[in-house]
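Participant: The structure follows.
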Amino acid sequence: MKFYITTPIYYVNSDPHVGSAYTTIVADIIARYKRMMGYDVFFLTGTDEHGQKILQAANAVGKDPQSFCDQLASRFKSLWEKLDITNDYFIRTTDPEHMKVVQYFVKKMLENGDIYKGEYHGWYCVPCESYWNEDEIGTDKLCPSCGRELKYISEENYFFRLSKYTNALLEHYRRNPEFVQPDFRKNEMLKILESGLKDLSITRTTFKWGVPMPEDPEHVIYVWVDALINYVSAIGYPSDVERFNRYWPADLHLIGKEINRFHSIVWPAMLMSVGLPLPKMIFAHGWLTVDGQKISKSLGNAINPTYFVEKYGNDVLRFYLLRDINFGKDGDFSEKNLINRLNSDLANDYGNLLHRTLAMIQKHYSSVLPAPSKYDEVDEKFKDDVLSRIKEYTELMDEYSLTQAIEKILEILMLANKYFDEKRPWVLAKEKDFSNLGTVLYNVCESLLKVAVMFSPIMPNSSQEVLNRLGYDSKPSSEVLSRWGVLKPMAKIIHSKPLFEKVEIVQQKESEPKVENLIELDEFKKVELRVAKVLSAERVPKSDKLIRLELDVGELGKRQIVAGIAKYYEPENLVGKSIVIVANLKPAKLMGVESQGMLLAAKDGVNLRILTVDGEIAPGATIS
């Protein structure tokens, strides 16, 4: 049995963040689970490196685009290594072999009569690399995805006859109800299909950073067309027929909901055009938010997952992302909630049960796993309840109900803790009833073995540690989950430090002053705060920290300020924002550039966020 799973390939206009890490971690969990269940797995991830936005980002830092992509791609690879991601291949769209496949694929579409040359007139979002129809954007001419200002484009393009495949796609959806998941995401795509598809512009002529159009190199292929083809180029299409036929069609394209239209409509139509089978499932999960706001490079609020790995451990981060955020739906990332899950689910329910069970085996059985004796009614019920939850766990994992699958593991831990307390092994030890004591301790260890195996795709490191402590020297497998009594009596157990350390949430006492160095109101009134609209932004040459912003401050006219925010914001993503500045600050020079004021920002030690104004207000408005 084979299983081919993909993440989206990530756009390298800036560093990876916890949103892209979330998708990759989920894919890794599914890939590990499928391997454990005996599948021949191919797990693909990579980076998307062409397009106008990347060219602009490279220019902004004074690098050629290839060097810029090389640097960013290496950061994605490095992060995936830190997160223990087990991908089988990492593809880059600047790989020469991939670019050849893109040209081959597009040429085949052209030969099949599905591509023609025409004039494109319409709206385009540079940050999202997306075209939008007039009826999709409303009167404000803002991108429906990221909210940025759209550009009106008029140029000669090649077009894909996407409209030709409307009925074929509708029929495929009808025959394959699981094709797009969850169902509410499928219904969104069906509404688009039922309203009729329009042909898609698939080349650009205003820049050169992309794959040249076959036989017409003045055009570069639209970045989305280029990117989607990675799913077949990575497994040998069209040259390595054996490998391609071994893994295609993909069993699961795992994506974020914002790119569902490209994957569930455009990509299947492209595959139909060249005569290839369609993927079996596209799963569009929800967005992560931070403080209720979508995590987005474009919006400048991405947070670095390395911080959480270094502070709490990789396993804890992976567990939290699946436990606290209902997979498939939107969810809010909270460090406080992560700590609560660590303390409650992992340290208390899991780690403490392991610790006290192995401590008793060390004390009463010289660290040798005792053999169980005759089971009573409570023992039999505990065993049956655990095996029943395992069956539910595998069913949920198979249908990608990952959060619900974790809940089944936690139910087993709840049952095991209840069984331990009900059986009162400390009393059995005091009464020297070692026959029943051995049964209780063996059964708890057997349940912990199964918990560790079920957790192994999610928390691989701690799961291996539990297996080691239980004296189990084989790899996690479906065989462990299929029957009771896998652990061998007389195995040497290891009692060690707690599996998970609790983390204290430091809360400020109400009696403590919140602010020091209090000032009088008259002193505060000396500071003139104004709203300023960002007209343009660019990096200060030879500085990796500074950005120069040109501002409209209303009646105060235009002025420039220099701010040390380059590590947190891309210059083009600042344009159009209404920010808060100190307008009566004495000018100062930074790296030889005069700064005529100071913007306000908040920093928590990890993130920096510029203070912006809620809603529309005129530049120059006074803040009081």
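Every chain in the structure tokens takes a letter, A first, then B, and so on in the order presented; its residues are numbered from 1, and the ligands are numbered from 1 following the presented order.
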According to DSSP computed on the backbone, where in stretch 253-465 of chain A is there alpha helix (DSSP H)? Give the residues as JSON, numbers by chain.
Facilitator: {"A": [260, 261, 267, 268, 269, 270, 271, 272, 273, 274, 305, 306, 307, 308, 309, 310, 311, 312, 314, 315, 316, 317, 318, 319, 320, 321, 322, 323, 335, 336, 337, 338, 339, 340, 341, 352, 353, 354, 355, 356, 357, 358, 359, 360, 361, 362, 363, 364, 365, 377, 378, 379, 380, 381, 382, 383, 384, 385, 386, 387, 388, 389, 390, 391, 392, 393, 394, 395, 396, 397, 398, 402, 403, 404, 405, 406, 407, 408, 409, 410, 411, 412, 413, 414, 415, 416, 417, 418, 419, 420, 421, 422, 423, 425, 426, 427, 428, 429, 430, 434, 435, 436, 437, 438, 439, 440, 441, 442, 443, 444, 445, 446, 447, 448, 449, 450, 451, 452, 453, 454, 455, 460, 461, 462, 463, 464, 465]}
Participant: Give me the residues near A:Gly46 as a short mmCIF file (atom, residue, chain, number, x, y, z; two decimals) with N, CA, C and O atoms, in the first residue's frame, where near means some atom within 9 Å (using only C-alpha atoms) and where sequence neighbours in that chain fewer than 3 positions away do not count.
Facilitator:
```
data_model
loop_
_atom_site.label_atom_id
_atom_site.label_comp_id
_atom_site.auth_asym_id
_atom_site.auth_seq_id
_atom_site.Cartn_x
_atom_site.Cartn_y
_atom_site.Cartn_z
N THR A 7 2.55 18.84 1.33
CA THR A 7 2.18 20.16 1.86
C THR A 7 2.15 21.11 0.68
O THR A 7 2.68 20.79 -0.40
N PRO A 8 1.59 22.31 0.84
CA PRO A 8 1.85 23.32 -0.18
C PRO A 8 3.34 23.64 -0.17
O PRO A 8 4.01 23.42 0.84
N ILE A 9 3.86 24.10 -1.28
CA ILE A 9 5.24 24.59 -1.23
C ILE A 9 5.19 26.05 -0.81
O ILE A 9 4.35 26.82 -1.27
N TYR A 10 6.09 26.42 0.09
CA TYR A 10 5.98 27.69 0.79
C TYR A 10 6.71 28.80 0.07
O TYR A 10 7.83 28.63 -0.41
N ALA A 73 15.22 29.42 1.35
CA ALA A 73 14.93 27.98 1.28
C ALA A 73 15.71 27.22 2.36
O ALA A 73 15.19 26.27 2.97
N PHE A 76 13.88 27.38 5.65
CA PHE A 76 12.77 26.43 5.74
C PHE A 76 13.32 25.03 6.04
O PHE A 76 12.80 24.33 6.91
N LYS A 77 14.36 24.62 5.32
CA LYS A 77 14.95 23.30 5.56
C LYS A 77 15.44 23.17 7.00
O LYS A 77 15.23 22.14 7.65
N TYR A 89 11.35 14.26 0.39
CA TYR A 89 11.97 15.11 -0.63
C TYR A 89 11.60 16.55 -0.36
O TYR A 89 10.50 16.85 0.14
N PHE A 90 12.52 17.44 -0.65
CA PHE A 90 12.28 18.88 -0.52
C PHE A 90 12.49 19.48 -1.91
O PHE A 90 13.61 19.51 -2.42
N ILE A 91 11.41 19.93 -2.52
CA ILE A 91 11.50 20.47 -3.88
C ILE A 91 11.57 21.98 -3.86
O ILE A 91 11.00 22.63 -2.98
N ARG A 92 12.33 22.53 -4.80
CA ARG A 92 12.38 23.97 -5.00
C ARG A 92 11.99 24.26 -6.45
O ARG A 92 12.46 23.57 -7.36
N THR A 93 11.16 25.26 -6.65
CA THR A 93 10.71 25.53 -8.02
C THR A 93 11.80 26.14 -8.88
O THR A 93 11.61 26.29 -10.09
N ASN A 230 4.68 21.08 -9.17
CA ASN A 230 5.68 20.42 -8.31
C ASN A 230 5.20 19.06 -7.82
O ASN A 230 6.02 18.18 -7.55
#
```
Participant: From the DSSP assignment of the backbone, select every residue of stretch 503-603 of chain A that is strand (DSSP E), and format the answer as a PyMOL selection string.
Facilitator: chain A and resi 529-539+547-552+558-563+578-582+588-590+593-595+598-599+601-603
Participant: For stretch 63-115 of chain A against stretch 237-242 of chain A, with a cut-off of 9 Å and counting only C-alpha atoms, what is the closest atom pair and its distance in Å to one decimal for every residue that makes the cut, ordered by chain and number, as a tab-separated table?
Facilitator:
```
residue	atom	partner	partner_atom	distance
A:Val101	CA	A:Tyr237	CA	7.2
A:Tyr104	CA	A:Pro238	CA	8.5
A:Phe105	CA	A:Pro238	CA	8.8
```
Participant: Quick one: everything within 12 Å of A:Lys497, counting only C-alpha atoms, minus sequence neighbours fewer than 3 positions away in the same chain. Send it as a VMD selection string.
Facilitator: chain A and resid 347 351 to 352 354 to 356 358 to 359 465 to 466 469 494 500 to 501
Participant: Between A:Ala452, A:Leu487, A:Leu415, A:Met270, which residue has the minimum interatomic distance to A:Val368, considering only C-alpha atoms?
Facilitator: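 Among A:Ala452, A:Leu487, A:Leu415, A:Met270, it is A:Leu487 that comes nearest to A:Val368.
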Participant: Point out the residue among A:Gln596, A:Ser344, A:Ser74, A:Asn59 with the least atom-to-atom distance to A:Val12, counting only C-alpha atoms.
Facilitator: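 The answer is A:Ser74, which sits nearest to A:Val12.
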